[in-house]
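Colleague: To be precise about what I am sending: the file is called my_file_38.cif and holds mmCIF, C-alpha atoms.
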```cif
data_work
loop_
_atom_site.label_atom_id
_atom_site.label_comp_id
_atom_site.auth_asym_id
_atom_site.auth_seq_id
_atom_site.Cartn_x
_atom_site.Cartn_y
_atom_site.Cartn_z
CA MET A 1 0.00 0.00 0.00
CA SER A 2 1.52 3.31 -1.06
CA GLU A 3 1.96 6.12 1.44
CA THR A 4 0.92 9.72 0.84
CA TYR A 5 2.24 12.84 2.54
CA THR A 6 0.87 16.20 3.62
CA GLN A 7 3.61 18.86 3.63
CA VAL A 8 3.70 21.98 5.79
CA PRO A 9 5.69 24.68 3.91
CA ASP A 10 8.52 26.43 5.72
CA TRP A 11 6.95 29.91 5.52
CA LEU A 12 3.83 28.60 7.29
CA LEU A 13 5.72 26.48 9.81
CA SER A 14 7.65 29.56 10.98
CA ARG A 15 4.53 31.72 11.54
CA SER A 16 4.30 32.16 15.32
CA ASP A 17 0.90 33.86 15.11
CA ILE A 18 -0.84 30.75 13.74
CA SER A 19 -1.69 27.70 15.84
CA HIS A 20 -0.23 24.31 14.95
CA GLY A 21 -3.70 22.92 14.37
CA ALA A 22 -4.48 25.64 11.83
CA LYS A 23 -1.19 24.95 10.03
CA LEU A 24 -2.11 21.29 9.75
CA VAL A 25 -5.61 22.07 8.43
CA TRP A 26 -4.20 24.53 5.85
CA SER A 27 -1.66 21.99 4.63
CA ARG A 28 -4.27 19.27 4.26
CA LEU A 29 -6.58 21.62 2.35
CA ARG A 30 -3.71 22.52 0.03
CA ARG A 31 -3.19 18.82 -0.60
CA TYR A 32 -6.88 18.43 -1.43
CA ALA A 33 -6.84 21.48 -3.70
CA GLY A 34 -3.86 20.51 -5.87
CA LYS A 35 -3.23 22.67 -8.92
CA SER A 36 -6.85 23.92 -9.08
CA GLY A 37 -6.41 25.79 -5.79
CA LYS A 38 -9.91 24.77 -4.67
CA ALA A 39 -11.05 22.03 -2.32
CA PHE A 40 -14.51 20.76 -1.40
CA PRO A 41 -14.10 18.32 1.53
CA MET A 42 -16.86 17.66 4.04
CA LEU A 43 -15.99 19.13 7.43
CA SER A 44 -16.16 15.69 9.03
CA THR A 45 -13.76 14.27 6.43
CA LEU A 46 -11.25 17.09 6.86
CA ALA A 47 -11.43 16.78 10.66
CA HIS A 48 -10.91 13.01 10.49
CA ASP A 49 -7.90 13.34 8.17
CA VAL A 50 -6.06 15.65 10.58
CA GLY A 51 -7.14 13.86 13.76
CA LEU A 52 -9.53 16.52 15.07
CA LYS A 53 -13.14 16.83 16.10
CA SER A 54 -15.38 18.77 13.71
CA GLY A 55 -15.82 21.66 16.17
CA GLN A 56 -12.06 22.07 16.58
CA CYS A 57 -11.55 21.91 12.84
CA ARG A 58 -14.17 24.62 12.29
CA LEU A 59 -12.33 26.95 14.69
CA TYR A 60 -9.08 26.43 12.79
CA LEU A 61 -10.84 27.20 9.50
CA HIS A 62 -12.07 30.50 10.97
CA GLU A 63 -8.56 31.25 12.26
CA LEU A 64 -7.07 30.71 8.79
CA SER A 65 -9.74 32.88 7.21
CA GLY A 66 -9.07 35.60 9.77
CA VAL A 67 -5.35 35.80 8.98
CA GLY A 68 -5.94 35.79 5.23
CA LEU A 69 -4.68 32.28 4.47
CA LEU A 70 -8.01 30.73 3.50
CA ALA A 71 -10.91 31.91 1.37
CA ILE A 72 -14.19 30.18 2.22
CA GLU A 73 -17.21 30.21 -0.07
CA TYR A 74 -20.29 29.09 1.81
CA ARG A 75 -22.65 27.30 -0.57
CA PRO A 76 -26.09 26.34 0.86
CA GLY A 77 -27.10 22.85 -0.18
CA GLN A 78 -23.58 22.06 -1.43
CA ARG A 79 -20.15 21.49 0.04
CA ASN A 80 -18.28 24.66 0.93
CA GLN A 81 -15.38 25.70 -1.29
CA TYR A 82 -12.01 26.23 0.42
CA SER A 83 -9.15 28.02 -1.32
CA PRO A 84 -5.85 27.91 0.62
CA LEU A 85 -3.95 31.18 0.14
CA GLN A 86 -0.28 32.02 0.64
CA ASP A 87 1.36 35.16 2.01
CA VAL A 88 4.41 34.51 -0.19
CA GLU A 89 4.64 34.02 -3.92
CA PRO A 90 3.31 30.60 -5.05
CA LEU A 91 6.01 27.95 -5.25
CA GLN A 92 5.24 26.46 -8.65
CA ASP A 93 7.90 23.75 -8.64
CA VAL A 94 6.95 22.23 -5.27
CA GLU A 95 4.92 19.04 -5.73
CA PRO A 96 3.48 16.66 -3.12
CA LEU A 97 5.75 13.73 -2.24
CA GLN A 98 4.48 10.81 -4.31
CA ASP A 99 7.57 8.70 -5.07
CA VAL A 100 7.33 6.01 -2.41
CA ASN A 101 10.52 4.38 -3.71
CA ALA A 102 12.65 7.44 -2.97
CA THR A 103 15.02 7.14 -0.03
CA PRO A 104 14.35 9.39 3.01
CA SER A 105 17.49 11.41 2.34
CA GLY A 106 16.60 11.94 -1.32
CA CYS A 107 13.03 12.76 -0.39
CA CYS A 108 14.09 15.53 1.93
CA ARG A 109 16.85 16.83 -0.29
CA GLY A 110 14.73 17.69 -3.34
CA PRO A 111 11.46 19.39 -2.37
CA LEU A 112 12.69 20.91 0.90
CA GLN A 113 15.64 22.60 -0.79
CA ASP A 114 13.30 23.98 -3.44
CA VAL A 115 11.00 25.43 -0.77
CA ALA A 116 13.85 26.99 1.21
CA GLY A 117 15.44 28.46 -1.90
CA ALA A 118 12.18 29.87 -3.17
CA THR A 119 11.39 31.32 0.27
CA GLU A 120 14.72 33.12 0.51
CA GLU A 121 14.30 34.49 -2.99
CA THR A 122 10.80 35.67 -2.12
CA LYS A 123 12.04 37.45 1.01
CA LYS A 124 14.63 39.33 -1.05
CA LYS A 125 11.99 40.40 -3.57
CA GLN A 126 9.53 41.48 -0.89
CA SER A 127 12.14 43.48 1.03
CA GLY A 128 12.32 46.00 -1.81
CA ASN A 129 8.60 46.05 -2.56
CA LYS A 130 5.56 47.57 -0.96
CA THR A 131 3.58 45.62 1.62
CA ALA A 132 1.66 42.72 0.07
CA TYR A 133 -1.75 42.91 1.72
CA SER A 134 -3.98 39.85 1.95
CA LYS A 135 -7.38 39.81 0.23
CA PRO A 136 -9.41 39.57 3.48
CA PHE A 137 -7.55 42.54 4.96
CA LEU A 138 -8.13 44.62 1.83
CA GLU A 139 -11.82 43.78 2.02
CA LEU A 140 -11.90 45.07 5.60
CA TRP A 141 -9.81 48.13 4.72
CA GLY A 142 -12.25 49.00 1.94
CA ALA A 143 -15.17 48.94 4.37
CA TYR A 144 -13.45 50.79 7.22
CA PRO A 145 -14.22 54.54 7.16
CA LYS A 146 -10.91 55.88 8.56
CA LYS A 147 -8.12 55.32 6.02
CA GLU A 148 -5.04 55.92 8.16
CA ASP A 149 -1.96 53.83 9.13
CA LYS A 150 -2.73 50.97 6.74
CA ALA A 151 0.58 49.12 7.12
CA GLU A 152 0.39 49.09 10.92
CA ALA A 153 -3.22 47.91 10.77
CA PHE A 154 -2.16 45.00 8.57
CA LYS A 155 0.54 44.00 11.06
CA VAL A 156 -2.06 43.87 13.82
CA TRP A 157 -4.43 41.97 11.54
CA LYS A 158 -1.86 39.24 10.96
CA ARG A 159 -1.02 38.97 14.66
CA THR A 160 -4.63 38.77 15.88
CA PRO A 161 -5.65 35.14 16.53
CA GLY A 162 -9.12 33.64 16.49
CA LYS A 163 -10.76 36.16 14.18
CA PRO A 164 -14.14 35.23 12.66
CA PRO A 165 -14.57 35.23 8.86
CA VAL A 166 -13.87 38.65 7.36
CA VAL A 167 -17.50 38.99 6.21
CA ASP A 168 -18.56 39.02 9.88
CA ILE A 169 -15.94 41.64 10.76
CA VAL A 170 -17.00 43.84 7.84
CA GLU A 171 -20.62 43.53 8.96
CA ALA A 172 -19.60 44.75 12.44
CA VAL A 173 -17.83 47.74 10.83
CA LYS A 174 -20.95 48.60 8.83
CA THR A 175 -23.10 48.39 11.95
CA GLN A 176 -20.78 50.54 14.04
CA SER A 177 -20.47 53.06 11.21
CA GLN A 178 -24.12 53.92 11.82
CA SER A 179 -23.55 54.70 15.51
CA GLU A 180 -23.83 58.24 16.82
CA GLN A 181 -20.25 58.08 18.11
CA TRP A 182 -18.77 57.29 14.70
CA LYS A 183 -20.96 59.86 12.95
CA ALA A 184 -20.15 62.67 15.39
CA GLU A 185 -17.99 65.57 14.18
CA ALA A 186 -17.28 64.09 10.76
CA GLY A 187 -15.87 60.84 12.11
CA LYS A 188 -13.53 62.43 14.65
CA TYR A 189 -14.09 59.64 17.18
CA ILE A 190 -13.66 56.69 14.83
CA PRO A 191 -10.65 54.69 16.13
CA LEU A 192 -7.75 53.80 13.90
CA LEU A 193 -8.24 50.36 12.42
CA LYS A 194 -5.13 49.02 14.17
CA ASN A 195 -6.60 50.01 17.56
CA TRP A 196 -10.03 48.71 16.60
CA LEU A 197 -8.48 45.33 15.81
CA LYS A 198 -6.35 45.27 18.97
CA GLY A 199 -9.48 45.78 21.03
CA ARG A 200 -11.38 43.08 19.09
CA ARG A 201 -14.11 45.67 18.67
CA TRP A 202 -16.07 43.51 16.25
CA GLU A 203 -17.19 41.71 19.43
CA ASP A 204 -18.86 44.87 20.80
CA GLU A 205 -22.59 44.62 21.41
CA HIS A 206 -24.47 47.14 19.32
CA ARG A 207 -27.40 48.88 20.94
CA GLU A 208 -29.80 51.10 19.09
CA PRO A 209 -30.00 54.58 20.64
CA THR A 210 -33.05 55.00 22.87
CA LYS A 211 -35.54 57.42 21.37
CA PRO A 212 -37.05 59.93 23.81
CA ARG A 213 -40.66 59.21 24.71
CA LEU A 214 -43.16 61.89 23.99
CA GLU A 215 -45.33 62.83 26.89
CA LEU A 216 -48.99 63.17 25.90
#
```
What would you get if you wrote out this structure as structure tokens?
Modeller:
Amino acid sequence: MSETYTQVPDWLLSRSDISHGAKLVWSRLRRYAGKSGKAFPMLSTLAHDVGLKSGQCRLYLHELSGVGLLAIEYRPGQRNQYSPLQDVEPLQDVEPLQDVNATPSGCCRGPLQDVAGATEETKKKQSGNKTAYSKPFLELWGAYPKKEDKAEAFKVWKRTPGKPPVVDIVEAVKTQSQSEQWKAEAGKYIPLLKNWLKGRRWEDEHREPTKPRLEL
């Protein structure tokens, strides 16, 4: 019986802001997705393959979505679509380990050297370029009314664990944008996005302002 492997890329393995469980789930989804970049596993199947309960696996999916490493398309009546994303340039010449006849030393020598080399090259390219923002963060940035300190906000975004899907965070922004505090004095009291994220303000309970009662 042939063995198959799920690889965790070096750039993901070194991310201290992502839990080990989330790294494992991302790597398994990437294996499912292959060259198409899209995967459609049942939650129970994914959880079983990585040795988790479905509830734990769901939390890791939300974590990955929150840090911009997973796009989730919820499809009622069908399996959800998962698209694993990367915060470095795609490594086109890295393939899953399939040659079961290769020796352990040869197995490690080929693909792992390719990953390390590509990662170093990517770091050099990115050092001279502008910040590469993730798609979920850009979606949030587009909805947030105060456009200041974008790069710092992105740093906080990447470091913040346990975020819900970005659609839920954007919905919280839209709700709070209608508050009297955010509308006052042309948005003077709207916090910077980096501070809003640090405070996990999407968790705030929104209360409609109480309308004065008219005495008859």
Colleague: Just want the 10 Å neighbourhood of Ser134 (chain A), counted on only C-alpha atoms, with same-chain residues fewer than 2 positions away dropped. Output as a list in words.
Modeller: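 Near neighbours after the sequence-gap exclusion: Val67, Gly68, Leu69, Leu85, Gln86, Asp87, Thr131, Ala132, Pro136, Phe137, Leu138, Glu139, Phe154, Trp157 and Lys158 of chain A.
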Colleague: Evaluate the PyMOL selection byres ((chain A and resi 146) around 7) on the structure here and hand back the selected residues as a PyMOL selection string.
Modeller: chain A and resi 144-145+147-148+190+192
Colleague: Suppose you want the space between CA of Leu193 (chain A) and CA of Val170 (chain A); what is it in Å?
Modeller: 11.8 Å
Colleague: Please expand the PyMOL selection byres ((chain A and resi 162) around 6) into the concrete residues it hits in this file, giving the result as a VMD selection string.
Modeller: chain A and resid 63 161 163
Colleague: Can you measure CA of Pro191 (chain A) to CA of Leu64 (chain A) for me? One decimal in Å is fine.
Modeller: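 Calculated distance between CA of Pro191 (chain A) and CA of Leu64 (chain A) is 25.3 Å.
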Colleague: For CA of Cys57 (chain A) and CA of Leu43 (chain A), quote the distance in Å rounded to one decimal.
Modeller: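 Separation between CA of Cys57 (chain A) and CA of Leu43 (chain A): 7.5 Å.
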Colleague: Using only C-alpha atoms, which residues sit within 12 Å of Ala143 (chain A) once same-chain residues fewer than 6 positions away are excluded, as an NGL selection string?
Modeller: :A and (136-137 or 166-177 or 193)
Colleague: How big is the axis-aligned box, and where does its centre sit, when it encloses all atoms of region 72-77 of chain A listed in the file and has 8 Å added on every side, reported in Å to one decimal as AutoDock Vina command-line options?
Modeller:
```
--center_x -20.6 --center_y 26.5 --center_z 0.8 --size_x 28.9 --size_y 23.4 --size_z 18.8
```
Colleague: Just the residues within 9 Å of region 13-30 of chain A, please, counting only C-alpha atoms, with nothing from its chain fewer than 2 positions along; format it as a short mmCIF file (atom, residue, chain, number, x, y, z; two decimals) with C-alpha atoms, keeping the file's coordinate frame.
Modeller:
```
data_model
loop_
_atom_site.label_atom_id
_atom_site.label_comp_id
_atom_site.auth_asym_id
_atom_site.auth_seq_id
_atom_site.Cartn_x
_atom_site.Cartn_y
_atom_site.Cartn_z
CA THR A 6 0.87 16.20 3.62
CA GLN A 7 3.61 18.86 3.63
CA VAL A 8 3.70 21.98 5.79
CA PRO A 9 5.69 24.68 3.91
CA ASP A 10 8.52 26.43 5.72
CA TRP A 11 6.95 29.91 5.52
CA TYR A 32 -6.88 18.43 -1.43
CA ALA A 33 -6.84 21.48 -3.70
CA GLY A 34 -3.86 20.51 -5.87
CA LYS A 35 -3.23 22.67 -8.92
CA GLY A 37 -6.41 25.79 -5.79
CA LYS A 38 -9.91 24.77 -4.67
CA ALA A 39 -11.05 22.03 -2.32
CA PHE A 40 -14.51 20.76 -1.40
CA PRO A 41 -14.10 18.32 1.53
CA LEU A 46 -11.25 17.09 6.86
CA ALA A 47 -11.43 16.78 10.66
CA ASP A 49 -7.90 13.34 8.17
CA VAL A 50 -6.06 15.65 10.58
CA LEU A 52 -9.53 16.52 15.07
CA GLN A 56 -12.06 22.07 16.58
CA CYS A 57 -11.55 21.91 12.84
CA LEU A 59 -12.33 26.95 14.69
CA TYR A 60 -9.08 26.43 12.79
CA LEU A 61 -10.84 27.20 9.50
CA GLU A 63 -8.56 31.25 12.26
CA LEU A 64 -7.07 30.71 8.79
CA VAL A 67 -5.35 35.80 8.98
CA LEU A 69 -4.68 32.28 4.47
CA LEU A 70 -8.01 30.73 3.50
CA TYR A 82 -12.01 26.23 0.42
CA SER A 83 -9.15 28.02 -1.32
CA PRO A 84 -5.85 27.91 0.62
CA LEU A 85 -3.95 31.18 0.14
CA LYS A 158 -1.86 39.24 10.96
CA ARG A 159 -1.02 38.97 14.66
CA THR A 160 -4.63 38.77 15.88
CA PRO A 161 -5.65 35.14 16.53
#
```
